[in-house]
Amino acid sequence: MTDLLVVVGARPNFMKAAPIVLAAERSGLSVALVHTGQHYDAGLSRVFFQDLGLPEPGVQLGVGSGSHAKQTARIMVAFEPELLRIDPAAVVVVGDVNSTLACALVAAKEHYPVAHVEAGLRSFDERMPEEVNRRLCDHLARYLYTTSGDANENLRREGIPDDRVAFVGNTMIDTLVRCVDVARERRIPDRLAVGGRPYAVATLHRAENVDDPVVLSRLTAALAGVSRLLPVVLPLHPRTRRRLEGHGLRELANGVTITTPLGYLDFLGLVADAKLVLTDSGGLQEETTALGVPCLTLRESTERPVTVTVGSNTVVGTDPVRIVSAAAAILEGREPQGSVPQLWDGHAAERIIEHLHASLPVEVELARTGS
Ligand code: UD1
């Protein structure tokens with residue numbers, strides 16, 4: 001019998017789930033790892049398993065890409081029989097991608113307790129598919145593990161009882177703490193010919209930024225502008241590459257080094273020694289906060305306000321003039337000074353496993369004895 005069924009599907013899930021899988025196994029809990037196949041390119045999925053030491057998933061649902069409805073529905077249909085077959089004591093979902101919501105919904109309807117890791121984050125921007133996923137998933141979950149105090153407040157405001165919520169810290173930072181030294185040893189800045197001098201790292205992939213040609217062209221103009229101040233490395237998500245084909249790629253060609261998506265260790269090694277990061281990613285706002293690297297968030301909102309109030313993140317929107325002047329300010333030494341948020345200490349996954357052990361004694365015991 002299986003204690004925990006852990007779901008992964010898309011790139012940002014892997015580094016959040018890895019420490020949970022490893023901590024569960026260390027504590028003697030059995031884990032079934034299910035990969036929905038939302039991300040299937042080797043560079044968005046396989047390399048992360050190698051880099052993070054994650055075991056091969058026991059189940060591959062292989063759902064692939066599609067509209068939100070198609071992708072979510074395909075995951076649900078494929079996940080249901082696997083859930084019933086594995087029959088775990090609890091289902092663990094992480095983050096806010098379509099795989100997170102789809103599997104949480106199936107599990108809740110089949111009366112399996114759902115543990116949502118990274119609960120309570122809110123951008124208050126309903127146009128973001130991730131915001132819809134987060135809200136719904138939190139209301140389906142029996143155990144909600146948060147990364148910051150603001151998340152607990154959001155959940156309280158939405159009427160979720162306090163006894164379902166535990167502030168445990170950030171499992172993505174567990175992975176960062178474990179891997180950062182090995183990542184630096186790979187010397188990726190030298191391999192990309194930006195080592196030994198200040199450079200910036202940029203990422204862009206959010207639907208609301210890259211699917212709208214007007215917003216995307218503002219952002220390419222901003223990156224071209226920043227690349228006149230310092231070299232910029234842009235590992236390109238497949239979604240963004242498709243949108244940029246032609247004109248956009250030519251505009252960036254002069255000062256921006258465009259690469260394929262990087263694996264976890266290469267990317268972490270690149271970001272760890274960057275002078276500045278420009279991104280619309282949620283996770284990268286947290287990773288730069290933990291690393292003390294100034295981050296400019298190319299969005300109008302953030303669901304991770306602690307990275308702004310405590311860390312070195314600034315939300316700058318998509319106006320090229322504002323972005324370039326914020327980058328210039330950082331180069332002139334006027335960067336926001338941050339510190340590392342409470343409990344982002346490399347031990348969040350252990351707290352989650354301890355909490356699950358204490359909260360699920362009956363279910364885990366039944367699952368373990370096979371009764
Ligand atoms: C998804 C998540 C987003 C997360 C991001 C990280 C949702 C709603 N969005 O966005 O929160 O920040 O992952 O990357 O779950 N594609 C490939 N190869 C792949 C996967 C996708 O080429 O392995 C292309 C396909 O054209 C696909 C498009 O990227 O249609 C979008 O993929 P999808 O998983 O739908 O969303 P992401 O933009 O990756």
# chains A, B, ... in the order shown; residues from 1 in each chain; ligands from 1
call {"tool": "residues_around", "arguments": {"residues": "Pro341 of chain A", "least_positions_apart": "2", "cutoff": "12 Å", "atoms": "only C-alpha atoms", "output": "PyMOL selection string"}}
result
chain A and resi 147-150+168-170+173+286-292+304-312+338-339+343-346
call {"tool": "closest_atom_pairs", "arguments": {"of": "segment 46-124 of chain A", "to": "segment 254-277 of chain A", "cutoff": "8 Å", "atoms": "only C-alpha atoms", "output": "CSV"}}
result
residue,atom,partner,partner_atom,distance
A:Val47,CA,A:Gly263,CA,5.6
A:Phe48,CA,A:Tyr264,CA,5.9
A:Asp51,CA,A:Leu265,CA,6.3
A:Leu52,CA,A:Tyr264,CA,7.8
call {"tool": "residues_near_ligand", "arguments": {"ligand": "ligand 1", "cutoff": "8 Å", "atoms": "only C-alpha atoms and all ligand atoms", "output": "mmCIF file with N, CA and C atoms, in the first residue's frame"}}
result
data_model
loop_
_atom_site.group_PDB
_atom_site.id
_atom_site.type_symbol
_atom_site.label_atom_id
_atom_site.label_comp_id
_atom_site.auth_asym_id
_atom_site.auth_seq_id
_atom_site.Cartn_x
_atom_site.Cartn_y
_atom_site.Cartn_z
ATOM 1 N N ALA A 10 4.431 19.887 -14.642
ATOM 2 C CA ALA A 10 5.098 20.927 -15.428
ATOM 3 C C ALA A 10 6.374 21.373 -14.715
ATOM 4 N N ARG A 11 7.231 22.034 -15.486
ATOM 5 C CA ARG A 11 8.588 22.346 -15.010
ATOM 6 C C ARG A 11 8.671 22.845 -13.565
ATOM 7 N N PRO A 12 7.871 23.855 -13.183
ATOM 8 C CA PRO A 12 8.079 24.355 -11.812
ATOM 9 C C PRO A 12 7.671 23.373 -10.709
ATOM 10 N N GLY A 37 2.540 14.527 -17.587
ATOM 11 C CA GLY A 37 2.977 14.738 -18.972
ATOM 12 C C GLY A 37 2.554 16.091 -19.528
ATOM 13 N N GLN A 38 2.112 17.022 -18.640
ATOM 14 C CA GLN A 38 1.803 18.387 -19.128
ATOM 15 C C GLN A 38 3.018 18.956 -19.848
ATOM 16 N N HIS A 39 4.188 18.814 -19.255
ATOM 17 C CA HIS A 39 5.439 19.135 -19.944
ATOM 18 C C HIS A 39 6.112 17.823 -20.334
ATOM 19 N N TYR A 40 6.548 17.765 -21.586
ATOM 20 C CA TYR A 40 7.055 16.505 -22.136
ATOM 21 C C TYR A 40 8.382 16.687 -22.847
ATOM 22 N N ASP A 41 8.756 17.937 -23.227
ATOM 23 C CA ASP A 41 10.075 18.148 -23.844
ATOM 24 C C ASP A 41 11.150 17.726 -22.846
ATOM 25 N N ALA A 42 12.220 17.121 -23.361
ATOM 26 C CA ALA A 42 13.301 16.695 -22.463
ATOM 27 C C ALA A 42 13.818 17.872 -21.638
ATOM 28 N N GLY A 43 13.922 19.043 -22.273
ATOM 29 C CA GLY A 43 14.492 20.219 -21.607
ATOM 30 C C GLY A 43 13.566 20.831 -20.563
ATOM 31 N N LEU A 44 12.285 20.472 -20.600
ATOM 32 C CA LEU A 44 11.342 20.995 -19.595
ATOM 33 C C LEU A 44 11.002 19.944 -18.548
ATOM 34 N N SER A 45 11.426 18.692 -18.781
ATOM 35 C CA SER A 45 11.007 17.643 -17.855
ATOM 36 C C SER A 45 12.148 16.687 -17.488
ATOM 37 N N GLY A 64 0.144 15.733 -22.482
ATOM 38 C CA GLY A 64 0.620 16.714 -23.464
ATOM 39 C C GLY A 64 -0.128 18.033 -23.414
ATOM 40 N N SER A 65 0.030 18.812 -24.496
ATOM 41 C CA SER A 65 -0.500 20.176 -24.538
ATOM 42 C C SER A 65 -1.937 20.199 -25.039
ATOM 43 N N GLY A 66 -2.581 21.362 -24.851
ATOM 44 C CA GLY A 66 -3.948 21.547 -25.340
ATOM 45 C C GLY A 66 -4.521 22.797 -24.700
ATOM 46 N N SER A 67 -5.736 23.145 -25.062
ATOM 47 C CA SER A 67 -6.393 24.281 -24.411
ATOM 48 C C SER A 67 -6.530 23.939 -22.918
ATOM 49 N N HIS A 68 -6.872 24.935 -22.130
ATOM 50 C CA HIS A 68 -7.002 24.673 -20.688
ATOM 51 C C HIS A 68 -8.008 23.564 -20.425
ATOM 52 N N GLN A 71 -6.627 20.120 -21.727
ATOM 53 C CA GLN A 71 -5.506 19.610 -20.920
ATOM 54 C C GLN A 71 -5.994 19.183 -19.530
ATOM 55 N N ASP A 96 0.686 25.608 -8.847
ATOM 56 C CA ASP A 96 -0.560 26.193 -9.372
ATOM 57 C C ASP A 96 -0.782 25.910 -10.849
ATOM 58 N N VAL A 97 -0.199 24.841 -11.368
ATOM 59 C CA VAL A 97 -0.358 24.574 -12.812
ATOM 60 C C VAL A 97 -1.627 23.746 -13.037
ATOM 61 N N ASN A 98 -1.966 23.539 -14.297
ATOM 62 C CA ASN A 98 -3.205 22.806 -14.583
ATOM 63 C C ASN A 98 -3.192 21.410 -13.974
ATOM 64 N N SER A 99 -2.037 20.759 -13.954
ATOM 65 C CA SER A 99 -1.938 19.416 -13.363
ATOM 66 C C SER A 99 -2.308 19.445 -11.881
ATOM 67 N N THR A 100 -1.931 20.520 -11.193
ATOM 68 C CA THR A 100 -2.202 20.651 -9.753
ATOM 69 C C THR A 100 -3.701 20.627 -9.505
ATOM 70 N N PRO A 129 -4.346 32.110 -15.459
ATOM 71 C CA PRO A 129 -4.890 30.772 -15.214
ATOM 72 C C PRO A 129 -4.402 30.195 -13.891
ATOM 73 N N GLU A 130 -3.185 30.567 -13.497
ATOM 74 C CA GLU A 130 -2.632 30.037 -12.243
ATOM 75 C C GLU A 130 -3.433 30.516 -11.043
ATOM 76 N N ASN A 133 -6.370 28.299 -10.710
ATOM 77 C CA ASN A 133 -5.925 27.001 -10.192
ATOM 78 C C ASN A 133 -5.647 27.055 -8.691
ATOM 79 N N HIS A 205 7.495 33.779 -20.100
ATOM 80 C CA HIS A 205 6.665 32.704 -20.634
ATOM 81 C C HIS A 205 5.189 32.823 -20.282
ATOM 82 N N ARG A 206 4.828 33.777 -19.422
ATOM 83 C CA ARG A 206 3.429 33.838 -18.968
ATOM 84 C C ARG A 206 2.496 34.150 -20.125
ATOM 85 N N ALA A 207 1.380 33.462 -20.157
ATOM 86 C CA ALA A 207 0.401 33.662 -21.225
ATOM 87 C C ALA A 207 0.052 35.143 -21.384
ATOM 88 N N HIS A 237 11.539 29.719 -23.382
ATOM 89 C CA HIS A 237 10.464 28.723 -23.245
ATOM 90 C C HIS A 237 9.861 28.474 -24.639
ATOM 91 N N PRO A 238 9.451 27.221 -24.947
ATOM 92 C CA PRO A 238 8.920 26.934 -26.292
ATOM 93 C C PRO A 238 7.710 27.788 -26.662
ATOM 94 N N ARG A 239 6.888 28.071 -25.684
ATOM 95 C CA ARG A 239 5.711 28.923 -25.958
ATOM 96 C C ARG A 239 6.158 30.292 -26.466
ATOM 97 N N THR A 240 7.160 30.874 -25.811
ATOM 98 C CA THR A 240 7.633 32.209 -26.173
ATOM 99 C C THR A 240 8.369 32.168 -27.515
ATOM 100 N N ARG A 242 7.832 30.307 -30.008
ATOM 101 C CA ARG A 242 6.849 30.254 -31.094
ATOM 102 C C ARG A 242 6.277 31.649 -31.359
ATOM 103 N N SER A 281 8.304 34.915 -14.177
ATOM 104 C CA SER A 281 8.100 33.652 -13.460
ATOM 105 C C SER A 281 7.773 33.927 -11.992
ATOM 106 N N GLY A 282 6.974 33.058 -11.405
ATOM 107 C CA GLY A 282 6.724 33.181 -9.975
ATOM 108 C C GLY A 282 7.878 32.615 -9.166
#
call {"tool": "atom_distance", "arguments": {"atom1": "atom CA of Pro19 of chain A", "atom2": "atom CA of Met172 of chain A"}}
result
8.0 Å
call {"tool": "closest_residue", "arguments": {"among": "A:Val8, A:Val106, A:Leu101, A:Ala78", "to": "Pro57 of chain A", "atoms": "only C-alpha atoms"}}
result
A:Val8
call {"tool": "atom_distance", "arguments": {"atom1": "atom CA of Arg186 of chain A", "atom2": "atom CA of Lys16 of chain A"}}
result
21.9 Å
call {"tool": "residues_around", "arguments": {"residues": "Arg299 of chain A", "least_positions_apart": "3", "cutoff": "10 Å", "atoms": "only C-alpha atoms", "output": "MDAnalysis selection string"}}
result
chainID A and resid 206 208:209 279:281 296 302 314:319
call {"tool": "select_by_dssp", "arguments": {"residues": "segment 148-245 of chain A", "states": "alpha helix (DSSP H)", "output": "PyMOL selection string"}}
result
chain A and resi 149-157+171-185+188-191+207-210+213-226+238-244
call {"tool": "closest_residue", "arguments": {"among": "A:Leu140, A:Cys295, A:Ala202, A:Ala349", "to": "Val21 of chain A", "atoms": "only C-alpha atoms"}}
result
A:Ala349
call {"tool": "closest_residue", "arguments": {"among": "A:Leu216, A:Val7, A:Val92, A:Val293", "to": "Ala141 of chain A", "atoms": "only C-alpha atoms"}}
result
A:Val92
